[in-house]
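Quick notes on the structure that follows.
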Amino acid sequence: MTDTTLPNRIERPSAVSFLAYAGALVLILWCLGGAGFSIDKVVSSPPRFADFAARAFPPNLEPGVLARLGWKMLETMQIAVAGAVIGVILSLPIAVFAARGLIAGPWVNQSLRVVLGFIRAVPDIAWALVFVVAVGLGPFAGMLAIVMDTLGFCGRFFADDMEAADKGPAESLAATGAGRLDVVACATIPGAMPSFVSTSLYALEKAVRSSTILGLVGAGGIGIELKVGFDLFDYPTAMTVILMIAVVVIGIEQLSGWARTKIIGEQR
Amino acid sequence: MISSVSDLREKAPVARHVRPEPTGTEFASVPVVDIEAQSVSKSFGDTPIFSDVSFRLVRGSSTALVGANGVGKSTLLRCVMGLIPATAGGVRLLGEPATGVRKSDLRALRARIGLVSQKHNLVPRLSVLSNVLHGMLGRTGGPRHWAHGFAPEASRRAAMEALDKVGLVHLALRRADRLSGGQSQRVAIARAIVGAPEILFADEPTASLDPQAGKDVMDLFMSLARENGVTVVFTSHNIDHALSYGDRVLGLAEGRKMLDATAVSLTASDLRGLYD
């Protein structure tokens with residue numbers, strides 16, 4: 001007769017699994033300790049947060065302040081768009097050489113991937129500090145920081161997208177004697193284009209978010225207004241900046257999602 | 001009659017001379033061999049796919065390559081075209097060696113052949129016309145042939161003529177991903193013939209099409225090939241297609257060439273033996 005006994009709802013872990021779970025738990029606790037996690041501070045923070053909110057609301061909506069912040073937000077957008085566009089354009093040729101099995105050999109692929117990994121590993125705010133030293137204070141340093149950030153992000157993902165593109169069209173063109181560059185230009189890049197568009201729009205969203213804080217280190221944009229607002233305890237103005245950033249970032253995300261759907265017909 | 005793989009015996013290959021050698025009359029009756037495979041073997045790692053496959057296909061002939069799934073038909077086709085290296089053996093195409101040669105020489109050789117794939121392999125977001133133009137990249141590569149907007153007048157005209165031959169000239173500017181399966185395969189045929197190839201390979205060209213569309217595509221494909229005296233090799237699971245459109249049938253089974261005979265000497269049940 002067939003055994004129809006119900007199995008245990010939760011299977012007993014093996015000794016190795018048990019040790020792995022225990023190790024993961026210890027790691028998390030260790031990280032929380034290193035991060036200064038404190039229940040006391042969590043419990044005592046709501047009154048302080050409420051105090052900040054009480055002093056920040058209502059936000060500063062004086063026309064003069066709004067006009068000044070509006071111009072700064074416009075500059076922030078200019079930094080983001082210019083940096084993202086240049087970054088995307090520069091990413092494409094680099095990605096073609098970084099993608100395995102397309103044009104360059106494995107040494108070139110791997111070297112470029114290491115360079116892109118380094119660019120990506122350095123935070124945008126650190127790039128902004130470097131460029132403030134290199135080209136001086138102002139939005140140009142911010143734009144260069146965004147270019148680097150976009151290059152690291154798009155260079156890697158464009159290369160991955162091309163490696164993952166359908167190989168069929170490329171094979172059909174190679175079968176007719178087309179050169180490698182022709183195959184990449186006519187089959188691989190068009191095949192990966194929906195992914196490129198999606199990645200580029202994410203890069204733009206990322207650039208907008210990044211550019212709002214680059215002003216903290218003097219690299220242009222609205223971030224400096226946020227810093228000044230907090231430094232001078234002008235919380236209503238700081239709150240206005242925070243709300244403007246939130247509105248613009250959410251707006252860009254919505255616009256990007258709409259454009260993605262329109263251009264490639266799907267969400268990624 | 002052949003009813004199973006074990007019953008299969010190689011029948012004498014028939015050198016059917018469809019297109020005479022264009023120059024000179026003294027060799028007019030001598031068939032020209034366009035494709036010659038000599039003891040070709042292929043393994044992926046330790047897994048052998050097929051071994052010791054040899055055949056000679058004459059100019060202007062049509063050959064069906066048949067066999068069960070996974071027997072290596074597509075792999076053999078790719079080895080013959082030099083798209084993947086054979087583990088052993090040699091191939092000559094159009095009288096030139098296609099194995100053990102420099103990549104540039106292989107590309108020059110491939111410029112004289114065309115491929116039609118099961119999945120059509122069009123670039124989905126590009127126009128039909130641009131896709132057809134890409135078939136000329138082997139002969140006249142470079143950025144001007146990357147998109148029809150930049151292409152030279154003569155190339156654009158050649159692409160339109162190829163589209164006309166497959167009856168899709170009215171869809172020249174339509175995006176390739178907005179075509180039906182049959183239309184898409186016709187565009188793939190136009191891309192394959194636009195470079196005036198001397199050999200056409202087709203890897204299960206009707207596998208993704210319904211029976212009527214499949215028949216239409218094969219009729220078109222073969223009439224264009226015959227019209228231009230092109231040597232054709234196609235793989236197929238469709239026994240009727242193999243017997244109707246092939247002058248000769250090559251059968252693979254158990255990692256070997258198990259059948260090599262003229263189509264007229266075979267019946268459908270002969271081919272079914274390859275699938276047992």
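Going by the structure tokens order, chains are called A, B, ..., each with residues numbered from 1, while ligands are numbered from 1 in the order shown.
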Could you write out, as number ranges by chain, all the residues of region 25-159 of chain B that DSSP marks as strand (DSSP E or B)?
B: 33-44, 47-58, 62-67, 88-93, 96-97, 113-116, 127
For a quick test of understanding: name the residues of chain A lying within 10 Å of chain B when counting only C-alpha atoms, and present them as a VMD selection string.
chain A and resid 166 to 179 181 to 183 185 to 194 264
Atoms to include: N, CA and C atoms. Write the selected residues as a PDB file, in the first residue's frame.
```
ATOM      1  N   ASP A 166      20.656  37.840 -29.074  1.00  0.00           N
ATOM      2  CA  ASP A 166      20.411  36.663 -29.918  1.00  0.00           C
ATOM      3  C   ASP A 166      21.560  36.506 -30.927  1.00  0.00           C
ATOM      4  N   LYS A 167      22.161  35.324 -30.936  1.00  0.00           N
ATOM      5  CA  LYS A 167      23.322  35.094 -31.814  1.00  0.00           C
ATOM      6  C   LYS A 167      22.901  34.743 -33.245  1.00  0.00           C
ATOM      7  N   GLY A 168      21.624  34.462 -33.442  1.00  0.00           N
ATOM      8  CA  GLY A 168      21.165  34.019 -34.756  1.00  0.00           C
ATOM      9  C   GLY A 168      21.461  35.001 -35.878  1.00  0.00           C
ATOM     10  N   PRO A 169      20.998  36.261 -35.759  1.00  0.00           N
ATOM     11  CA  PRO A 169      21.277  37.212 -36.840  1.00  0.00           C
ATOM     12  C   PRO A 169      22.774  37.370 -37.096  1.00  0.00           C
ATOM     13  N   ALA A 170      23.572  37.385 -36.028  1.00  0.00           N
ATOM     14  CA  ALA A 170      25.027  37.534 -36.204  1.00  0.00           C
ATOM     15  C   ALA A 170      25.579  36.348 -36.991  1.00  0.00           C
ATOM     16  N   GLU A 171      25.086  35.149 -36.686  1.00  0.00           N
ATOM     17  CA  GLU A 171      25.565  33.969 -37.396  1.00  0.00           C
ATOM     18  C   GLU A 171      25.179  34.023 -38.875  1.00  0.00           C
ATOM     19  N   SER A 172      23.953  34.482 -39.129  1.00  0.00           N
ATOM     20  CA  SER A 172      23.514  34.561 -40.525  1.00  0.00           C
ATOM     21  C   SER A 172      24.362  35.541 -41.323  1.00  0.00           C
ATOM     22  N   LEU A 173      24.748  36.645 -40.685  1.00  0.00           N
ATOM     23  CA  LEU A 173      25.592  37.605 -41.400  1.00  0.00           C
ATOM     24  C   LEU A 173      27.019  37.074 -41.539  1.00  0.00           C
ATOM     25  N   ALA A 174      27.517  36.447 -40.479  1.00  0.00           N
ATOM     26  CA  ALA A 174      28.866  35.867 -40.567  1.00  0.00           C
ATOM     27  C   ALA A 174      28.920  34.813 -41.668  1.00  0.00           C
ATOM     28  N   ALA A 175      27.809  34.107 -41.850  1.00  0.00           N
ATOM     29  CA  ALA A 175      27.766  33.059 -42.875  1.00  0.00           C
ATOM     30  C   ALA A 175      27.882  33.624 -44.282  1.00  0.00           C
ATOM     31  N   THR A 176      27.564  34.911 -44.434  1.00  0.00           N
ATOM     32  CA  THR A 176      27.683  35.511 -45.770  1.00  0.00           C
ATOM     33  C   THR A 176      28.996  36.267 -45.925  1.00  0.00           C
ATOM     34  N   GLY A 177      29.920  36.073 -44.977  1.00  0.00           N
ATOM     35  CA  GLY A 177      31.255  36.659 -45.106  1.00  0.00           C
ATOM     36  C   GLY A 177      31.395  38.048 -44.527  1.00  0.00           C
ATOM     37  N   ALA A 178      30.390  38.524 -43.789  1.00  0.00           N
ATOM     38  CA  ALA A 178      30.491  39.861 -43.200  1.00  0.00           C
ATOM     39  C   ALA A 178      31.619  39.889 -42.176  1.00  0.00           C
ATOM     40  N   GLY A 179      32.328  41.032 -42.115  1.00  0.00           N
ATOM     41  CA  GLY A 179      33.407  41.200 -41.137  1.00  0.00           C
ATOM     42  C   GLY A 179      32.854  41.362 -39.736  1.00  0.00           C
ATOM     43  N   LEU A 181      33.186  43.768 -37.532  1.00  0.00           N
ATOM     44  CA  LEU A 181      32.601  45.078 -37.235  1.00  0.00           C
ATOM     45  C   LEU A 181      31.222  45.204 -37.874  1.00  0.00           C
ATOM     46  N   ASP A 182      31.109  44.691 -39.103  1.00  0.00           N
ATOM     47  CA  ASP A 182      29.805  44.717 -39.788  1.00  0.00           C
ATOM     48  C   ASP A 182      28.778  43.905 -39.000  1.00  0.00           C
ATOM     49  N   VAL A 183      29.192  42.754 -38.520  1.00  0.00           N
ATOM     50  CA  VAL A 183      28.266  41.887 -37.767  1.00  0.00           C
ATOM     51  C   VAL A 183      27.817  42.587 -36.483  1.00  0.00           C
ATOM     52  N   ALA A 185      27.813  45.837 -35.877  1.00  0.00           N
ATOM     53  CA  ALA A 185      27.005  47.030 -36.175  1.00  0.00           C
ATOM     54  C   ALA A 185      25.618  46.667 -36.690  1.00  0.00           C
ATOM     55  N   CYS A 186      25.529  45.583 -37.459  1.00  0.00           N
ATOM     56  CA  CYS A 186      24.254  45.274 -38.124  1.00  0.00           C
ATOM     57  C   CYS A 186      23.393  44.272 -37.366  1.00  0.00           C
ATOM     58  N   ALA A 187      24.002  43.439 -36.549  1.00  0.00           N
ATOM     59  CA  ALA A 187      23.205  42.410 -35.865  1.00  0.00           C
ATOM     60  C   ALA A 187      23.262  42.552 -34.349  1.00  0.00           C
ATOM     61  N   THR A 188      24.469  42.640 -33.797  1.00  0.00           N
ATOM     62  CA  THR A 188      24.583  42.611 -32.329  1.00  0.00           C
ATOM     63  C   THR A 188      24.019  43.870 -31.685  1.00  0.00           C
ATOM     64  N   ILE A 189      24.446  45.033 -32.171  1.00  0.00           N
ATOM     65  CA  ILE A 189      23.974  46.283 -31.548  1.00  0.00           C
ATOM     66  C   ILE A 189      22.468  46.477 -31.751  1.00  0.00           C
ATOM     67  N   PRO A 190      21.942  46.327 -32.971  1.00  0.00           N
ATOM     68  CA  PRO A 190      20.475  46.455 -33.092  1.00  0.00           C
ATOM     69  C   PRO A 190      19.726  45.426 -32.243  1.00  0.00           C
ATOM     70  N   GLY A 191      20.292  44.223 -32.120  1.00  0.00           N
ATOM     71  CA  GLY A 191      19.651  43.189 -31.312  1.00  0.00           C
ATOM     72  C   GLY A 191      19.620  43.554 -29.841  1.00  0.00           C
ATOM     73  N   ALA A 192      20.656  44.257 -29.395  1.00  0.00           N
ATOM     74  CA  ALA A 192      20.736  44.629 -27.972  1.00  0.00           C
ATOM     75  C   ALA A 192      20.096  45.989 -27.704  1.00  0.00           C
ATOM     76  N   MET A 193      19.598  46.643 -28.738  1.00  0.00           N
ATOM     77  CA  MET A 193      19.116  48.017 -28.582  1.00  0.00           C
ATOM     78  C   MET A 193      18.014  48.176 -27.521  1.00  0.00           C
ATOM     79  N   PRO A 194      17.032  47.279 -27.445  1.00  0.00           N
ATOM     80  CA  PRO A 194      16.030  47.455 -26.375  1.00  0.00           C
ATOM     81  C   PRO A 194      16.673  47.477 -24.988  1.00  0.00           C
ATOM     82  N   ILE A 264      10.557  50.602 -26.298  1.00  0.00           N
ATOM     83  CA  ILE A 264      10.840  49.163 -26.451  1.00  0.00           C
ATOM     84  C   ILE A 264       9.639  48.294 -26.166  1.00  0.00           C
TER      85      ILE A 264
END
```
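When only C-alpha atoms are used to compute distances to Asp164 (chain B), the closest of the residues B:Arg59, B:Leu129, B:Gly95, B:Ala268 turns out to be B:Leu129.
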Within 10 Å of Gly117 (chain A), counting only C-alpha atoms, which residues qualify if same-chain residues fewer than 5 places away don't, as a count of residues only?
7
Env of Gly220 (chain A): 9 Å cut, atoms = only C-alpha atoms, seq-sep filter 2 positions within chain, self excluded. Answer as a PDB file with all heavy atoms, in the first residue's frame.
```pdb
ATOM      1  N   LYS A  72      18.419  76.387  -9.573  1.00  0.00           N
ATOM      2  CA  LYS A  72      19.409  75.390  -9.149  1.00  0.00           C
ATOM      3  C   LYS A  72      18.967  73.972  -9.576  1.00  0.00           C
ATOM      4  O   LYS A  72      19.794  73.140  -9.965  1.00  0.00           O
ATOM      5  CB  LYS A  72      19.589  75.437  -7.627  1.00  0.00           C
ATOM      6  CG  LYS A  72      20.598  76.466  -7.178  1.00  0.00           C
ATOM      7  CD  LYS A  72      21.995  76.037  -7.629  1.00  0.00           C
ATOM      8  CE  LYS A  72      23.053  77.059  -7.246  1.00  0.00           C
ATOM      9  NZ  LYS A  72      24.340  76.780  -7.899  1.00  0.00           N
ATOM     10  N   GLU A  75      19.719  73.583 -13.159  1.00  0.00           N
ATOM     11  CA  GLU A  75      21.150  73.305 -13.349  1.00  0.00           C
ATOM     12  C   GLU A  75      21.443  71.834 -13.020  1.00  0.00           C
ATOM     13  O   GLU A  75      22.214  71.166 -13.719  1.00  0.00           O
ATOM     14  CB  GLU A  75      21.971  74.211 -12.434  1.00  0.00           C
ATOM     15  CG  GLU A  75      23.475  74.050 -12.606  1.00  0.00           C
ATOM     16  CD  GLU A  75      24.248  74.870 -11.587  1.00  0.00           C
ATOM     17  OE1 GLU A  75      24.426  74.396 -10.442  1.00  0.00           O
ATOM     18  OE2 GLU A  75      24.648  75.985 -11.937  1.00  0.00           O
ATOM     19  N   THR A  76      20.777  71.353 -11.975  1.00  0.00           N
ATOM     20  CA  THR A  76      20.944  69.933 -11.591  1.00  0.00           C
ATOM     21  C   THR A  76      20.539  69.015 -12.741  1.00  0.00           C
ATOM     22  O   THR A  76      21.235  68.052 -13.077  1.00  0.00           O
ATOM     23  CB  THR A  76      20.067  69.628 -10.359  1.00  0.00           C
ATOM     24  OG1 THR A  76      20.379  70.545  -9.333  1.00  0.00           O
ATOM     25  CG2 THR A  76      20.286  68.217  -9.863  1.00  0.00           C
ATOM     26  N   ILE A  79      23.103  69.126 -15.509  1.00  0.00           N
ATOM     27  CA  ILE A  79      24.274  68.303 -15.171  1.00  0.00           C
ATOM     28  C   ILE A  79      23.953  66.833 -15.443  1.00  0.00           C
ATOM     29  O   ILE A  79      24.741  66.100 -16.058  1.00  0.00           O
ATOM     30  CB  ILE A  79      24.651  68.485 -13.674  1.00  0.00           C
ATOM     31  CG1 ILE A  79      25.175  69.887 -13.421  1.00  0.00           C
ATOM     32  CG2 ILE A  79      25.676  67.442 -13.238  1.00  0.00           C
ATOM     33  CD1 ILE A  79      25.331  70.216 -11.936  1.00  0.00           C
ATOM     34  N   LEU A 137      35.568  74.249  -8.760  1.00  0.00           N
ATOM     35  CA  LEU A 137      34.187  74.170  -8.282  1.00  0.00           C
ATOM     36  C   LEU A 137      33.200  74.454  -9.404  1.00  0.00           C
ATOM     37  O   LEU A 137      33.518  75.180 -10.345  1.00  0.00           O
ATOM     38  CB  LEU A 137      33.969  75.192  -7.159  1.00  0.00           C
ATOM     39  CG  LEU A 137      34.701  74.935  -5.833  1.00  0.00           C
ATOM     40  CD1 LEU A 137      34.693  76.194  -4.988  1.00  0.00           C
ATOM     41  CD2 LEU A 137      34.035  73.786  -5.089  1.00  0.00           C
ATOM     42  N   GLY A 138      32.016  73.883  -9.315  1.00  0.00           N
ATOM     43  CA  GLY A 138      30.978  74.238 -10.281  1.00  0.00           C
ATOM     44  C   GLY A 138      30.370  73.039 -10.976  1.00  0.00           C
ATOM     45  O   GLY A 138      30.789  71.881 -10.751  1.00  0.00           O
ATOM     46  N   PRO A 139      29.377  73.290 -11.812  1.00  0.00           N
ATOM     47  CA  PRO A 139      28.631  72.191 -12.426  1.00  0.00           C
ATOM     48  C   PRO A 139      29.447  71.318 -13.378  1.00  0.00           C
ATOM     49  O   PRO A 139      29.110  70.155 -13.580  1.00  0.00           O
ATOM     50  CB  PRO A 139      27.502  72.908 -13.184  1.00  0.00           C
ATOM     51  CG  PRO A 139      27.927  74.315 -13.315  1.00  0.00           C
ATOM     52  CD  PRO A 139      28.828  74.611 -12.167  1.00  0.00           C
ATOM     53  N   PHE A 140      30.536  71.893 -13.965  1.00  0.00           N
ATOM     54  CA  PHE A 140      31.312  71.075 -14.898  1.00  0.00           C
ATOM     55  C   PHE A 140      31.918  69.866 -14.187  1.00  0.00           C
ATOM     56  O   PHE A 140      31.924  68.745 -14.721  1.00  0.00           O
ATOM     57  CB  PHE A 140      32.401  71.930 -15.559  1.00  0.00           C
ATOM     58  CG  PHE A 140      33.159  71.204 -16.636  1.00  0.00           C
ATOM     59  CD1 PHE A 140      32.489  70.568 -17.685  1.00  0.00           C
ATOM     60  CD2 PHE A 140      34.546  71.138 -16.622  1.00  0.00           C
ATOM     61  CE1 PHE A 140      33.180  69.888 -18.674  1.00  0.00           C
ATOM     62  CE2 PHE A 140      35.248  70.470 -17.610  1.00  0.00           C
ATOM     63  CZ  PHE A 140      34.564  69.850 -18.633  1.00  0.00           C
ATOM     64  N   ALA A 141      32.394  70.097 -12.960  1.00  0.00           N
ATOM     65  CA  ALA A 141      32.946  68.979 -12.175  1.00  0.00           C
ATOM     66  C   ALA A 141      31.856  67.938 -11.920  1.00  0.00           C
ATOM     67  O   ALA A 141      32.101  66.721 -12.001  1.00  0.00           O
ATOM     68  CB  ALA A 141      33.501  69.491 -10.852  1.00  0.00           C
ATOM     69  N   GLY A 142      30.658  68.421 -11.635  1.00  0.00           N
ATOM     70  CA  GLY A 142      29.530  67.498 -11.410  1.00  0.00           C
ATOM     71  C   GLY A 142      29.202  66.703 -12.655  1.00  0.00           C
ATOM     72  O   GLY A 142      28.952  65.492 -12.600  1.00  0.00           O
ATOM     73  N   MET A 143      29.214  67.396 -13.793  1.00  0.00           N
ATOM     74  CA  MET A 143      28.897  66.695 -15.040  1.00  0.00           C
ATOM     75  C   MET A 143      29.922  65.600 -15.328  1.00  0.00           C
ATOM     76  O   MET A 143      29.575  64.484 -15.718  1.00  0.00           O
ATOM     77  CB  MET A 143      28.859  67.687 -16.204  1.00  0.00           C
ATOM     78  CG  MET A 143      28.277  67.101 -17.468  1.00  0.00           C
ATOM     79  SD  MET A 143      28.877  67.889 -18.952  1.00  0.00           S
ATOM     80  CE  MET A 143      30.491  67.189 -19.109  1.00  0.00           C
ATOM     81  N   SER A 211      22.992  63.724  -9.160  1.00  0.00           N
ATOM     82  CA  SER A 211      23.313  65.139  -9.354  1.00  0.00           C
ATOM     83  C   SER A 211      22.699  66.030  -8.276  1.00  0.00           C
ATOM     84  O   SER A 211      23.148  67.151  -8.069  1.00  0.00           O
ATOM     85  CB  SER A 211      22.858  65.596 -10.743  1.00  0.00           C
ATOM     86  OG  SER A 211      21.456  65.454 -10.849  1.00  0.00           O
ATOM     87  N   THR A 212      21.670  65.516  -7.588  1.00  0.00           N
ATOM     88  CA  THR A 212      21.050  66.342  -6.553  1.00  0.00           C
ATOM     89  C   THR A 212      21.931  66.470  -5.308  1.00  0.00           C
ATOM     90  O   THR A 212      21.709  67.358  -4.495  1.00  0.00           O
ATOM     91  CB  THR A 212      19.687  65.756  -6.122  1.00  0.00           C
ATOM     92  OG1 THR A 212      19.885  64.422  -5.671  1.00  0.00           O
ATOM     93  CG2 THR A 212      18.689  65.786  -7.259  1.00  0.00           C
ATOM     94  N   ILE A 213      22.888  65.573  -5.166  1.00  0.00           N
ATOM     95  CA  ILE A 213      23.730  65.659  -3.963  1.00  0.00           C
ATOM     96  C   ILE A 213      25.164  66.096  -4.270  1.00  0.00           C
ATOM     97  O   ILE A 213      25.957  66.311  -3.355  1.00  0.00           O
ATOM     98  CB  ILE A 213      23.764  64.321  -3.188  1.00  0.00           C
ATOM     99  CG1 ILE A 213      24.260  63.193  -4.085  1.00  0.00           C
ATOM    100  CG2 ILE A 213      22.411  64.003  -2.593  1.00  0.00           C
ATOM    101  CD1 ILE A 213      24.804  62.019  -3.297  1.00  0.00           C
ATOM    102  N   LEU A 214      25.497  66.214  -5.566  1.00  0.00           N
ATOM    103  CA  LEU A 214      26.881  66.574  -5.890  1.00  0.00           C
ATOM    104  C   LEU A 214      27.224  67.967  -5.381  1.00  0.00           C
ATOM    105  O   LEU A 214      28.400  68.270  -5.125  1.00  0.00           O
ATOM    106  CB  LEU A 214      27.112  66.484  -7.404  1.00  0.00           C
ATOM    107  CG  LEU A 214      27.001  65.076  -8.002  1.00  0.00           C
ATOM    108  CD1 LEU A 214      27.276  65.107  -9.492  1.00  0.00           C
ATOM    109  CD2 LEU A 214      27.979  64.129  -7.313  1.00  0.00           C
ATOM    110  N   GLY A 215      26.217  68.817  -5.238  1.00  0.00           N
ATOM    111  CA  GLY A 215      26.452  70.170  -4.725  1.00  0.00           C
ATOM    112  C   GLY A 215      27.027  70.168  -3.314  1.00  0.00           C
ATOM    113  O   GLY A 215      27.651  71.149  -2.891  1.00  0.00           O
ATOM    114  N   LEU A 216      26.833  69.084  -2.585  1.00  0.00           N
ATOM    115  CA  LEU A 216      27.371  68.989  -1.220  1.00  0.00           C
ATOM    116  C   LEU A 216      28.882  69.155  -1.214  1.00  0.00           C
ATOM    117  O   LEU A 216      29.461  69.580  -0.230  1.00  0.00           O
ATOM    118  CB  LEU A 216      27.002  67.635  -0.586  1.00  0.00           C
ATOM    119  CG  LEU A 216      25.518  67.369  -0.340  1.00  0.00           C
ATOM    120  CD1 LEU A 216      25.318  65.969   0.228  1.00  0.00           C
ATOM    121  CD2 LEU A 216      24.947  68.403   0.618  1.00  0.00           C
ATOM    122  N   VAL A 217      29.537  68.766  -2.319  1.00  0.00           N
ATOM    123  CA  VAL A 217      30.997  68.898  -2.379  1.00  0.00           C
ATOM    124  C   VAL A 217      31.403  69.979  -3.389  1.00  0.00           C
ATOM    125  O   VAL A 217      32.527  69.995  -3.871  1.00  0.00           O
ATOM    126  CB  VAL A 217      31.668  67.550  -2.739  1.00  0.00           C
ATOM    127  CG1 VAL A 217      31.453  66.534  -1.643  1.00  0.00           C
ATOM    128  CG2 VAL A 217      31.164  67.012  -4.073  1.00  0.00           C
ATOM    129  N   GLY A 218      30.473  70.851  -3.723  1.00  0.00           N
ATOM    130  CA  GLY A 218      30.806  71.990  -4.578  1.00  0.00           C
ATOM    131  C   GLY A 218      30.821  71.679  -6.058  1.00  0.00           C
ATOM    132  O   GLY A 218      31.426  72.408  -6.852  1.00  0.00           O
ATOM    133  N   ILE A 222      21.637  71.491  -6.993  1.00  0.00           N
ATOM    134  CA  ILE A 222      20.821  71.946  -5.869  1.00  0.00           C
ATOM    135  C   ILE A 222      21.337  71.438  -4.516  1.00  0.00           C
ATOM    136  O   ILE A 222      20.919  71.919  -3.455  1.00  0.00           O
ATOM    137  CB  ILE A 222      19.351  71.501  -6.087  1.00  0.00           C
ATOM    138  CG1 ILE A 222      18.408  72.373  -5.258  1.00  0.00           C
ATOM    139  CG2 ILE A 222      19.169  70.017  -5.793  1.00  0.00           C
ATOM    140  CD1 ILE A 222      16.958  72.247  -5.642  1.00  0.00           C
ATOM    141  N   GLY A 223      22.272  70.519  -4.536  1.00  0.00           N
ATOM    142  CA  GLY A 223      22.786  69.949  -3.292  1.00  0.00           C
ATOM    143  C   GLY A 223      23.360  70.989  -2.350  1.00  0.00           C
ATOM    144  O   GLY A 223      23.222  70.885  -1.125  1.00  0.00           O
ATOM    145  N   ILE A 224      23.971  72.023  -2.913  1.00  0.00           N
ATOM    146  CA  ILE A 224      24.573  73.060  -2.062  1.00  0.00           C
ATOM    147  C   ILE A 224      23.491  73.788  -1.255  1.00  0.00           C
ATOM    148  O   ILE A 224      23.719  74.196  -0.118  1.00  0.00           O
ATOM    149  CB  ILE A 224      25.401  74.059  -2.942  1.00  0.00           C
ATOM    150  CG1 ILE A 224      26.194  75.027  -2.065  1.00  0.00           C
ATOM    151  CG2 ILE A 224      24.524  74.817  -3.897  1.00  0.00           C
ATOM    152  CD1 ILE A 224      27.290  74.368  -1.277  1.00  0.00           C
TER     153      ILE A 224
END
```
What separation in Å, quoted to one decimal, exists between CA of Val247 (chain A) and CA of Met148 (chain A)?
25.4 Å
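Within the 12 Å cut-off around region 38-54 of chain A, using only C-alpha atoms and omitting residues fewer than 4 positions from it on the same chain, the listed residues are A:Leu29, A:Leu32, A:Gly33, A:Gly34, A:Pro58, A:Pro59, A:Phe230, A:Phe233, A:Asp234, A:Tyr235, A:Pro236, A:Ala238, A:Met239.
Using only C-alpha atoms, the residues found no farther than 9 Å from Thr99 (chain B), other than those of its own chain fewer than 5 positions away, are Cys79, Val80, Gly82, Pro85, Ala86, Gly89, Gly90, Val91, Arg92 and Leu106 of chain B.
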I want to know what sits within 10 Å of Arg113 (chain A), based on only C-alpha atoms, with residues of the same chain fewer than 2 positions away left out; could you give that as a ChimeraX atom specification?
/A:94-95,97-99,107-111,115-119,152,155-156,159
Pick out each residue of region 35-144 of chain A that DSSP on the backbone tags as helix (DSSP H, G or I); I need them as a PyMOL selection string.
chain A and resi 39-56+63-98+106-121+124-135+139-144
Just give me the gap between CA of Glu153 (chain B) and CA of Leu133 (chain B) in Å, one decimal is fine.
11.3 Å
